[in-house]
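Undergrad: Input structure: structure_12.csv, which contains CSV, C-alpha atoms and all ligand atoms.
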```csv
chain,number,residue,atom,x,y,z
A,1,MET,CA,1.7,22.4,-23.7
A,2,SER,CA,0.9,25.9,-24.6
A,3,ARG,CA,3.6,27.9,-26.3
A,4,VAL,CA,3.3,31.7,-26.5
A,5,PRO,CA,3.1,32.5,-30.3
A,6,PHE,CA,5.9,34.5,-31.7
A,7,VAL,CA,5.6,36.8,-34.7
A,8,VAL,CA,8.8,38.3,-36.1
A,9,GLY,CA,9.1,40.8,-39.0
A,10,ASN,CA,12.2,40.4,-41.1
A,11,TRP,CA,12.7,43.7,-42.8
A,12,LYS,CA,15.6,42.5,-44.9
A,13,LEU,CA,17.4,45.3,-46.8
A,14,ASN,CA,14.6,47.7,-46.5
A,15,LYS,CA,14.0,51.1,-44.8
A,16,THR,CA,16.2,54.0,-43.8
A,17,ILE,CA,16.8,54.6,-40.1
A,18,ALA,CA,14.0,57.3,-40.2
A,19,GLU,CA,11.6,54.9,-41.9
A,20,ALA,CA,12.4,52.1,-39.5
A,21,LEU,CA,11.7,54.4,-36.6
A,22,ALA,CA,8.4,55.5,-38.0
A,23,LEU,CA,7.3,51.9,-38.5
A,24,VAL,CA,8.4,50.7,-35.1
A,25,THR,CA,6.8,53.7,-33.4
A,26,GLU,CA,3.5,52.7,-35.0
A,27,LEU,CA,3.9,49.1,-34.0
A,28,LYS,CA,4.8,50.1,-30.4
A,29,ASN,CA,1.7,52.3,-30.2
A,30,GLN,CA,-0.7,49.9,-31.8
A,31,LEU,CA,0.5,46.7,-30.2
A,32,ALA,CA,0.6,48.1,-26.7
A,33,ALA,CA,-2.7,46.5,-25.7
A,34,VAL,CA,-2.3,43.3,-27.7
A,35,LYS,CA,-1.6,40.4,-25.3
A,36,GLY,CA,-0.9,36.7,-25.7
A,37,VAL,CA,1.7,37.0,-28.5
A,38,GLN,CA,5.4,37.8,-28.5
A,39,VAL,CA,6.5,40.2,-31.3
A,40,GLY,CA,9.9,40.9,-32.7
A,41,VAL,CA,11.3,43.0,-35.6
A,42,ALA,CA,14.6,42.5,-37.5
A,43,PRO,CA,15.7,45.8,-39.0
A,44,THR,CA,18.9,46.3,-41.0
A,45,LEU,CA,22.0,46.5,-38.9
A,46,VAL,CA,22.4,50.2,-39.3
A,47,ALA,CA,18.9,50.8,-38.0
A,48,LEU,CA,19.1,48.2,-35.3
A,49,PRO,CA,20.5,50.4,-32.4
A,50,ALA,CA,17.9,53.2,-33.0
A,51,VAL,CA,15.1,50.6,-33.3
A,52,ALA,CA,16.2,48.8,-30.1
A,53,LYS,CA,16.4,52.2,-28.2
A,54,ARG,CA,12.9,53.1,-29.4
A,55,LEU,CA,11.6,49.8,-28.2
A,56,GLU,CA,13.1,50.0,-24.8
A,57,GLY,CA,10.6,49.3,-22.1
A,58,THR,CA,8.2,47.6,-24.5
A,59,PRO,CA,7.7,43.8,-25.0
A,60,ILE,CA,8.7,44.1,-28.7
A,61,ALA,CA,12.0,42.4,-29.2
A,62,THR,CA,14.8,43.6,-31.6
A,63,SER,CA,16.4,40.9,-33.7
A,64,ALA,CA,19.4,40.9,-36.0
A,65,GLN,CA,19.0,39.3,-39.4
A,66,ASP,CA,22.2,37.3,-39.1
A,67,CYS,CA,25.0,36.7,-36.5
A,68,PHE,CA,28.6,35.7,-37.2
A,69,TRP,CA,30.2,33.0,-35.0
A,70,GLU,CA,33.0,35.2,-33.6
A,71,SER,CA,32.8,38.4,-31.7
A,72,GLY,CA,36.3,39.7,-32.5
A,73,GLY,CA,39.2,39.4,-34.8
A,74,ALA,CA,40.1,39.8,-38.5
A,75,TRP,CA,36.6,39.2,-40.1
A,76,THR,CA,36.0,42.2,-42.2
A,77,GLY,CA,32.3,43.0,-42.7
A,78,GLU,CA,31.1,40.6,-40.0
A,79,VAL,CA,29.2,41.4,-36.8
A,80,GLY,CA,29.2,38.9,-33.9
A,81,PRO,CA,27.0,38.2,-30.9
A,82,ALA,CA,28.8,40.6,-28.5
A,83,GLN,CA,28.3,43.5,-31.0
A,84,LEU,CA,24.7,42.6,-31.5
A,85,LEU,CA,23.9,42.5,-27.8
A,86,ASP,CA,25.8,45.8,-27.4
A,87,ALA,CA,23.7,47.3,-30.1
A,88,GLY,CA,20.4,46.3,-28.3
A,89,ALA,CA,19.5,43.0,-30.1
A,90,THR,CA,18.1,40.2,-28.1
A,91,TRP,CA,17.5,37.8,-31.0
A,92,ALA,CA,19.3,36.8,-34.2
A,93,ILE,CA,17.9,35.1,-37.2
A,94,VAL,CA,20.4,32.4,-38.5
A,95,GLY,CA,20.4,30.4,-41.6
A,96,HIS,CA,17.9,32.4,-43.5
A,97,SER,CA,17.6,30.9,-47.0
A,98,GLU,CA,18.8,34.2,-48.6
A,99,ARG,CA,22.0,33.9,-46.6
A,100,ARG,CA,22.3,30.2,-47.7
A,101,GLN,CA,21.5,31.0,-51.3
A,102,PHE,CA,23.4,34.2,-52.0
A,103,PHE,CA,26.1,34.5,-49.3
A,104,GLY,CA,27.3,30.9,-49.0
A,105,ASP,CA,26.0,30.0,-45.6
A,106,THR,CA,26.5,26.3,-45.2
A,107,ASN,CA,24.8,23.9,-42.8
A,108,GLU,CA,28.0,23.8,-40.8
A,109,GLY,CA,28.4,27.6,-40.7
A,110,VAL,CA,24.7,28.0,-39.6
A,111,GLY,CA,25.4,25.6,-36.7
A,112,LYS,CA,28.4,27.7,-35.6
A,113,LYS,CA,26.3,30.8,-35.8
A,114,THR,CA,23.4,29.3,-33.8
A,115,ARG,CA,25.8,28.0,-31.1
A,116,ALA,CA,27.6,31.4,-30.9
A,117,ALA,CA,24.4,33.4,-30.7
A,118,LEU,CA,22.9,31.1,-28.0
A,119,ALA,CA,26.1,30.9,-26.0
A,120,ALA,CA,26.4,34.6,-25.9
A,121,GLY,CA,22.8,35.0,-24.5
A,122,LEU,CA,20.9,35.9,-27.7
A,123,GLY,CA,17.8,34.1,-28.8
A,124,ALA,CA,18.4,32.3,-32.1
A,125,ILE,CA,15.8,31.8,-34.8
A,126,LEU,CA,17.2,28.9,-36.8
A,127,CYS,CA,15.7,28.9,-40.3
A,128,VAL,CA,15.4,25.7,-42.3
A,129,GLY,CA,13.5,24.9,-45.6
A,130,GLU,CA,13.6,23.1,-48.9
A,131,THR,CA,13.8,24.4,-52.4
A,132,LEU,CA,11.1,23.7,-55.0
A,133,ALA,CA,13.4,21.1,-56.7
A,134,GLU,CA,13.9,19.4,-53.3
A,135,ARG,CA,10.2,19.3,-52.6
A,136,ASP,CA,9.4,18.1,-56.1
A,137,GLY,CA,12.0,15.4,-55.6
A,138,GLY,CA,10.3,14.2,-52.4
A,139,ARG,CA,13.3,15.3,-50.3
A,140,THR,CA,11.6,17.9,-48.1
A,141,LEU,CA,11.8,16.1,-44.8
A,142,ALA,CA,15.3,14.8,-45.4
A,143,VAL,CA,16.6,18.3,-46.3
A,144,VAL,CA,15.0,20.0,-43.3
A,145,GLU,CA,16.2,17.2,-41.1
A,146,GLU,CA,19.8,17.7,-42.3
A,147,GLN,CA,19.7,21.4,-41.8
A,148,LEU,CA,18.2,21.0,-38.4
A,149,ALA,CA,20.8,18.4,-37.3
A,150,ALA,CA,23.7,20.7,-38.4
A,151,GLY,CA,22.0,23.8,-37.0
A,152,LEU,CA,21.6,22.2,-33.6
A,153,ALA,CA,25.0,20.5,-33.4
A,154,GLY,CA,26.4,21.5,-30.0
A,155,VAL,CA,23.3,23.2,-28.8
A,156,ASP,CA,23.1,22.9,-25.0
A,157,ALA,CA,19.8,21.9,-23.3
A,158,ALA,CA,20.2,25.0,-21.1
A,159,TRP,CA,19.7,27.2,-24.2
A,160,VAL,CA,16.3,25.7,-25.2
A,161,PRO,CA,14.2,28.6,-23.8
A,162,ARG,CA,16.0,30.9,-26.3
A,163,LEU,CA,15.8,28.6,-29.3
A,164,VAL,CA,13.2,29.1,-32.0
A,165,VAL,CA,13.0,27.2,-35.3
A,166,ALA,CA,11.5,28.8,-38.4
A,167,TYR,CA,10.4,26.5,-41.3
A,168,GLU,CA,10.6,28.6,-44.5
A,169,PRO,CA,10.1,26.7,-47.7
A,170,VAL,CA,12.4,28.6,-50.2
A,171,TRP,CA,9.7,28.3,-52.9
A,172,ALA,CA,7.3,30.3,-50.7
A,173,ILE,CA,9.6,33.2,-49.7
A,174,GLY,CA,8.8,36.4,-51.4
A,175,THR,CA,6.9,34.5,-54.2
A,176,GLY,CA,3.3,35.0,-53.0
A,177,ARG,CA,3.0,31.2,-52.9
A,178,THR,CA,2.3,29.9,-49.4
A,179,ALA,CA,2.5,26.4,-48.2
A,180,THR,CA,-0.9,25.1,-47.3
A,181,PRO,CA,-1.5,24.8,-43.6
A,182,ALA,CA,-1.4,21.0,-44.0
A,183,GLN,CA,1.9,21.1,-45.9
A,184,ALA,CA,3.4,23.3,-43.3
A,185,GLN,CA,2.0,21.3,-40.4
A,186,GLU,CA,3.5,18.1,-41.8
A,187,VAL,CA,7.0,19.6,-41.8
A,188,HIS,CA,6.5,21.3,-38.4
A,189,ALA,CA,5.5,18.0,-36.8
A,190,HIS,CA,8.5,16.4,-38.3
A,191,ILE,CA,10.8,19.2,-36.9
A,192,ARG,CA,9.3,18.7,-33.5
A,193,ARG,CA,9.9,15.0,-33.6
A,194,ARG,CA,13.6,15.6,-34.5
A,195,LEU,CA,13.8,18.2,-31.8
A,196,ALA,CA,12.6,15.6,-29.4
A,197,ASP,CA,15.2,13.1,-30.5
A,198,ARG,CA,17.9,15.7,-30.1
A,199,LEU,CA,16.8,17.6,-27.0
A,200,GLY,CA,14.2,15.4,-25.3
A,201,ALA,CA,10.4,15.3,-25.7
A,202,ALA,CA,9.7,17.7,-22.9
A,203,ALA,CA,12.1,20.4,-24.3
A,204,ALA,CA,10.7,19.8,-27.8
A,205,GLU,CA,7.2,20.6,-26.6
A,206,THR,CA,8.4,24.1,-25.4
A,207,ILE,CA,10.3,25.1,-28.6
A,208,ARG,CA,8.4,27.5,-30.9
A,209,ILE,CA,8.4,26.5,-34.6
A,210,LEU,CA,7.5,29.5,-36.8
A,211,TYR,CA,6.3,29.3,-40.4
A,212,GLY,CA,7.6,31.7,-42.9
A,213,GLY,CA,6.9,32.2,-46.6
A,214,SER,CA,4.5,34.8,-48.0
A,215,VAL,CA,2.5,35.0,-44.7
A,216,LYS,CA,-0.1,37.8,-45.0
A,217,PRO,CA,-3.2,38.8,-43.1
A,218,SER,CA,-5.4,36.6,-45.3
A,219,ASN,CA,-3.5,33.3,-44.6
A,220,ALA,CA,-2.0,33.9,-41.1
A,221,GLU,CA,-5.0,32.6,-39.1
A,222,ALA,CA,-5.3,29.3,-41.0
A,223,LEU,CA,-1.5,28.7,-40.6
A,224,ILE,CA,-1.4,29.5,-36.9
A,225,ALA,CA,-4.4,27.3,-36.2
A,226,GLU,CA,-2.2,24.2,-37.0
A,227,LYS,CA,-1.1,22.3,-33.9
A,228,ASP,CA,2.7,22.7,-34.4
A,229,ILE,CA,2.7,26.2,-36.0
A,230,ASP,CA,3.6,28.6,-33.2
A,231,GLY,CA,3.9,31.9,-35.1
A,232,SER,CA,5.4,33.3,-38.2
A,233,LEU,CA,8.5,34.9,-39.7
A,234,VAL,CA,7.2,37.6,-42.0
A,235,GLY,CA,9.1,39.3,-44.7
A,236,GLY,CA,7.2,41.5,-47.2
A,237,ALA,CA,4.1,41.9,-45.1
A,238,SER,CA,6.1,43.1,-42.1
A,239,LEU,CA,7.0,46.3,-44.0
A,240,GLU,CA,3.5,47.7,-43.7
A,241,ALA,CA,2.3,48.4,-40.1
A,242,ALA,CA,-1.4,47.4,-40.9
A,243,ASP,CA,-0.5,44.1,-42.4
A,244,PHE,CA,2.0,43.1,-39.7
A,245,ILE,CA,-0.4,44.1,-36.9
A,246,ALA,CA,-3.1,42.0,-38.5
A,247,ILE,CA,-0.8,39.0,-38.6
A,248,VAL,CA,0.2,39.6,-35.0
A,249,LYS,CA,-3.5,39.8,-34.0
A,250,ALA,CA,-4.2,36.5,-35.9
A,251,ALA,CA,-1.6,34.8,-33.7
A,252,ARG,CA,-2.9,36.1,-30.4
A,253,GLY,CA,-4.1,33.6,-27.8
A,254,THR,CA,-3.8,30.5,-30.1
B,301,LIG,C1,11.3,35.8,-45.0
B,301,LIG,O1,12.1,36.4,-45.6
B,301,LIG,O2,11.7,35.2,-43.9
B,301,LIG,C2,10.0,35.6,-45.6
B,301,LIG,C3,9.2,34.7,-45.1
B,301,LIG,O3,9.6,36.5,-46.6
B,301,LIG,P1,8.2,36.7,-47.2
B,301,LIG,O4,7.2,36.8,-46.1
B,301,LIG,O5,8.3,38.0,-48.0
B,301,LIG,O6,7.9,35.5,-48.0
```
Can you present the structure in this file as structure tokens?
TA:
Amino acid sequence: MSRVPFVVGNWKLNKTIAEALALVTELKNQLAAVKGVQVGVAPTLVALPAVAKRLEGTPIATSAQDCFWESGGAWTGEVGPAQLLDAGATWAIVGHSERRQFFGDTNEGVGKKTRAALAAGLGAILCVGETLAERDGGRTLAVVEEQLAAGLAGVDAAWVPRLVVAYEPVWAIGTGRTATPAQAQEVHAHIRRRLADRLGAAAAETIRILYGGSVKPSNAEALIAEKDIDGSLVGGASLEAADFIAIVKAARGT
């Protein structure tokens, strides 16, 4: 089964609207001729409508960095799937470890967000990953499995084409420390087995599993070469056009 690689830049809390537009314009121009890989960017919410507009008519997708599970009501500060679609997003990252760590996102809440995003027609990039203490305690696969089970609760088989999983070991995010390709592949293969249990073997073969955690031009190619690594979720290195473009090119045609 060949899966089209997917490389997504998570800009986190970085860039003004003008800076976001400058970066995305460069990506749009320089990636126009790059085939065989799908690309997405996740700007801040305030920059998202302008970025999505600038990317209209291009294959580069605009993603939100989070997505609440309701699209209306008394939920001060939240933004739901209907608002994200209206603003021009086609994807949403859910369950990023920074949301889990600093904003109280629970496994159950991440499941509600994933379902809401997919039900509304967005693509969902469901993030899972263990902390260093969990890895050192030999709990990596169990933790990831638990996050995945909760994240996928109630996910309908019809939504599979818009479902992406991102394995992001917390100890590798923003630390400069990357999982080795073999360490990442072990977890990716496990995720695919659990996806098969939950959604069927054929569906599991089609679902892209991205790796995230200090991906940079120097390690992107070795990671994507692994059988079950289908692209990357890139934080720091997505803020510089040259680095992000090099990572996208490393994923092309694998
Ligand atoms: C991320 O935030 O999803 C991420 C992987 O960050 P970084 O690439 O900076 O480790």
Undergrad: Rounded to one decimal place, report the atom CA of A:Ile191-atom CA of A:Val128 distance in Å.
TA: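 It comes out at 9.6 Å.
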Undergrad: Can you work out which residues are within 9 Å of ligand LIG 301 (chain B), considering all atoms listed in the file, and then hand them over as number ranges by chain?
TA: A: 8-12, 96-98, 127, 166, 168-178, 211-216, 232-238
Undergrad: Within 7 Å of (21.1, 20.7, -28.7), in the coordinates the file gives, what residues turn up when you count all atoms listed in the file, written out as a count of residues only?
TA: 8
Undergrad: Which protein, DNA or RNA residues have an atom at most 12 Å from (17.2, 17.8, -44.8), counting all atoms listed in the file? List them as a list of chain:residue names.
TA: A:Asn107, A:Val128, A:Gly129, A:Glu130, A:Thr131, A:Glu134, A:Arg135, A:Gly138, A:Arg139, A:Thr140, A:Leu141, A:Ala142, A:Val143, A:Val144, A:Glu145, A:Glu146, A:Gln147, A:Leu148, A:Ala149, A:Ala150, A:Gly151, A:Tyr167, A:Pro169, A:Val187, A:His190, A:Ile191, A:Arg194
Undergrad: Taking all atoms listed in the file into account, name the residue in A:Val94, A:Ala133, A:Ile247, A:Ala32 that is nearest to A:Lys113.
TA: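 Counting all atoms listed in the file, the residue closest to A:Lys113 is A:Val94.
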Undergrad: Find the residues near A:Leu84: any atom within 10 Å, counting all atoms listed in the file, skip ones fewer than 6 places away on the same chain, and give them as a PyMOL selection string.
TA: chain A and resi 45+48-49+62-64+66-68+71+90-92+117+120+122
Undergrad: Which residue out of A:Ala42, A:Ile229, A:Val160, A:Ile245 has the minimum interatomic distance to A:Ile207 when all atoms listed in the file are used?
TA: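 Closest to A:Ile207, using all atoms listed in the file: A:Val160.
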Undergrad: So how many Å separate atom CA of A:Gly73 and atom CA of A:Phe102, to one decimal?
TA: 23.9 Å
Undergrad: Using all atoms listed in the file, can you tell me which of A:Thr44, A:Trp69, A:Ala74, A:Gly88 comes closest to A:Glu56?
TA: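 Smallest separation from A:Glu56 among the options: A:Gly88.
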Undergrad: Need to verify the contact set: A:Ala61, 7 Å, all atoms listed in the file, exclusion of same-chain residues closer than 6 positions in sequence. Can you return it as a list in words?
TA: Val39, Gly40, Val41 and Thr90 of chain A
Undergrad: Can you tell me, as a list in words, what residues are no more than 9 Å from A:Arg252 when counting only C-alpha atoms, ignoring any on the same chain fewer than 2 positions away?
TA: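 Neighbouring residues, sequence-local ones excluded: Val4, Pro5, Val34, Lys35, Gly36, Val37, Gln38, Ile247, Val248, Lys249, Ala250 and Thr254 of chain A.
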Undergrad: Mind giving me the straight-line distance from atom CA of A:Leu27 to atom CA of A:Gln65 in Å, one decimal?
TA: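 Distance reported for this atom pair: 18.8 Å.
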Undergrad: Could you extract stretch 144-164 of chain A of the given structure into a file holding N, CA and C atoms, as an mmCIF file, in the first residue's frame?
TA:
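Once written, selection30.cif looks like this:
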```cif
data_model
loop_
_atom_site.group_PDB
_atom_site.id
_atom_site.type_symbol
_atom_site.label_atom_id
_atom_site.label_comp_id
_atom_site.auth_asym_id
_atom_site.auth_seq_id
_atom_site.Cartn_x
_atom_site.Cartn_y
_atom_site.Cartn_z
ATOM 1 N N VAL A 144 0.895 4.992 24.538
ATOM 2 C CA VAL A 144 0.465 5.369 23.188
ATOM 3 C C VAL A 144 -0.839 4.650 22.839
ATOM 4 N N GLU A 145 -0.914 3.398 23.236
ATOM 5 C CA GLU A 145 -2.104 2.594 22.960
ATOM 6 C C GLU A 145 -3.333 3.183 23.662
ATOM 7 N N GLU A 146 -3.131 3.609 24.900
ATOM 8 C CA GLU A 146 -4.224 4.200 25.686
ATOM 9 C C GLU A 146 -4.692 5.515 25.045
ATOM 10 N N GLN A 147 -3.732 6.350 24.650
ATOM 11 C CA GLN A 147 -4.081 7.629 24.021
ATOM 12 C C GLN A 147 -4.812 7.394 22.698
ATOM 13 N N LEU A 148 -4.344 6.392 21.977
ATOM 14 C CA LEU A 148 -4.943 6.091 20.675
ATOM 15 C C LEU A 148 -6.374 5.574 20.844
ATOM 16 N N ALA A 149 -6.559 4.665 21.798
ATOM 17 C CA ALA A 149 -7.895 4.087 22.016
ATOM 18 C C ALA A 149 -8.890 5.190 22.372
ATOM 19 N N ALA A 150 -8.482 6.087 23.282
ATOM 20 C CA ALA A 150 -9.393 7.165 23.684
ATOM 21 C C ALA A 150 -9.593 8.153 22.541
ATOM 22 N N GLY A 151 -8.525 8.429 21.821
ATOM 23 C CA GLY A 151 -8.612 9.396 20.714
ATOM 24 C C GLY A 151 -9.498 8.909 19.590
ATOM 25 N N LEU A 152 -9.566 7.596 19.442
ATOM 26 C CA LEU A 152 -10.333 7.039 18.322
ATOM 27 C C LEU A 152 -11.725 6.564 18.738
ATOM 28 N N ALA A 153 -12.067 6.729 19.998
ATOM 29 C CA ALA A 153 -13.380 6.255 20.455
ATOM 30 C C ALA A 153 -14.475 6.951 19.640
ATOM 31 N N GLY A 154 -15.325 6.169 19.049
ATOM 32 C CA GLY A 154 -16.439 6.755 18.295
ATOM 33 C C GLY A 154 -16.067 7.236 16.909
ATOM 34 N N VAL A 155 -14.849 6.978 16.495
ATOM 35 C CA VAL A 155 -14.461 7.392 15.142
ATOM 36 C C VAL A 155 -15.067 6.416 14.134
ATOM 37 N N ASP A 156 -15.762 6.983 13.161
ATOM 38 C CA ASP A 156 -16.491 6.207 12.173
ATOM 39 C C ASP A 156 -15.558 5.771 11.043
ATOM 40 N N ALA A 157 -15.766 4.557 10.530
ATOM 41 C CA ALA A 157 -14.908 4.054 9.445
ATOM 42 C C ALA A 157 -14.945 4.983 8.222
ATOM 43 N N ALA A 158 -16.047 5.678 8.034
ATOM 44 C CA ALA A 158 -16.189 6.573 6.872
ATOM 45 C C ALA A 158 -15.218 7.764 6.952
ATOM 46 N N TRP A 159 -14.716 8.029 8.146
ATOM 47 C CA TRP A 159 -13.827 9.189 8.320
ATOM 48 C C TRP A 159 -12.356 8.839 8.108
ATOM 49 N N VAL A 160 -12.076 7.570 7.906
ATOM 50 C CA VAL A 160 -10.679 7.122 7.813
ATOM 51 C C VAL A 160 -9.832 7.926 6.816
ATOM 52 N N PRO A 161 -10.349 8.285 5.628
ATOM 53 C CA PRO A 161 -9.494 9.041 4.689
ATOM 54 C C PRO A 161 -9.035 10.400 5.236
ATOM 55 N N ARG A 162 -9.741 10.903 6.254
ATOM 56 C CA ARG A 162 -9.353 12.211 6.812
ATOM 57 C C ARG A 162 -8.685 12.072 8.182
ATOM 58 N N LEU A 163 -8.310 10.846 8.523
ATOM 59 C CA LEU A 163 -7.669 10.611 9.819
ATOM 60 C C LEU A 163 -6.162 10.405 9.636
ATOM 61 N N VAL A 164 -5.396 11.152 10.412
ATOM 62 C CA VAL A 164 -3.932 11.009 10.424
ATOM 63 C C VAL A 164 -3.524 10.886 11.895
#
```
